[in-house]
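Trainee: Take a look at the following structure, please.
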Amino acid sequence: MTRKPQIHDPEPHVVTSHGSDFFGEDRHPLKALVALAGYAEGCLSFAERGPLVELLRDPGEGGSIPPAEVAAVAHLLLTLARHRFVKASAAAHARALGDAAARAAADGEPWVWRIETTA
């Protein structure tokens, strides 16, 4: 009898600043952010979602959002987390991202993220 291999390929993660762990970072699977982009397209109006969908769908290799725009992004993410059609797991990711963005806005610092592939 053969067994399914238990070794999985490393999946890319998005690491954001101003997170809730000891180092001030949060780690989210890239798949979860792409799924969250679909929820943002369906649950937020076209006028208000703006570049949030593009950011969630393709975060690039990394980047930052200036402090002037972080508060608006945090508000959109928290609105998305509270929407009734967003599943619980996606809402948890949206809430964590929104909290991190809100902390960055409160500190007056840019919100920074990077892509990591861990083994």
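Just so we're on the same page: first chain in the structure tokens is A, next is B, and so on; residues restart at 1 for each chain, and ligands are numbered from 1 in the order they show up.
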Which residues are near range 96-101 of chain A? Cut-off 8 Å, only C-alpha atoms, ignore same chain within fewer than 6 positions. Put them as a PDB file with C-alpha atoms, in the first residue's frame.

Mentor:
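The resulting file, selection23.pdb, is reproduced below:
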ATOM      1  CA  THR A  16       2.768  42.547   6.287  1.00  0.00           C
ATOM      2  CA  SER A  17       4.142  45.102   8.699  1.00  0.00           C
ATOM      3  CA  HIS A  18       2.291  46.324  11.805  1.00  0.00           C
ATOM      4  CA  GLY A  19       0.990  42.818  12.484  1.00  0.00           C
ATOM      5  CA  SER A  20      -0.021  41.259  15.756  1.00  0.00           C
ATOM      6  CA  ASP A  26       1.390  39.057   9.969  1.00  0.00           C
ATOM      7  CA  VAL A  70      -3.516  53.490   4.545  1.00  0.00           C
ATOM      8  CA  ALA A  71      -6.535  54.642   6.556  1.00  0.00           C
ATOM      9  CA  VAL A  73      -7.458  50.805   2.768  1.00  0.00           C
ATOM     10  CA  ALA A  74      -7.939  49.789   6.412  1.00  0.00           C
ATOM     11  CA  HIS A  75     -11.541  50.991   6.316  1.00  0.00           C
ATOM     12  CA  LEU A  76     -12.255  49.007   3.136  1.00  0.00           C
ATOM     13  CA  LEU A  77     -10.691  45.832   4.536  1.00  0.00           C
ATOM     14  CA  LEU A  78     -12.646  46.099   7.794  1.00  0.00           C
ATOM     15  CA  TRP A 111       2.150  49.827   5.466  1.00  0.00           C
TER      16      TRP A 111
END

Trainee: Among the residues of chain A, find those DSSP assigns to strand (DSSP E) from the backbone and print them as JSON, numbers by chain.

Mentor: {"A": [12, 13, 14, 15, 16, 17, 25, 26, 27, 28, 29, 62, 63, 64, 65, 111, 112, 113, 114, 115, 116, 117]}

Trainee: Near Gly62 in chain A, within 8 Å and counting only C-alpha atoms, which residues show up once chain neighbours fewer than 6 positions away are dropped, as a list in words?

Mentor: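 Close residues of Gly62 in chain A: Val112, Trp113, Arg114 and Ile115 of chain A.
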
Trainee: What is the CA of Ala88 in chain A to CA of Ala104 in chain A distance in Å?

Mentor: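 If I compute the distance from CA of Ala88 in chain A to CA of Ala104 in chain A, I get 24.2 Å.
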
Trainee: Of the candidates A:Leu44, A:Ala37, A:Ala91, A:Ala72, which shows the shortest atom-to-atom distance to Asp58 in chain A, using only C-alpha atoms?

Mentor: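 Looking only at the distances to Asp58 in chain A, the closest residue turns out to be A:Ala37.
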
Trainee: Hey, which of A:Leu80, A:Ala68, A:Ala105, A:Ala40 ends up closest to Leu56 in chain A? Count only C-alpha atoms.

Mentor: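 Distance minimum relative to Leu56 in chain A lands on A:Ala40.
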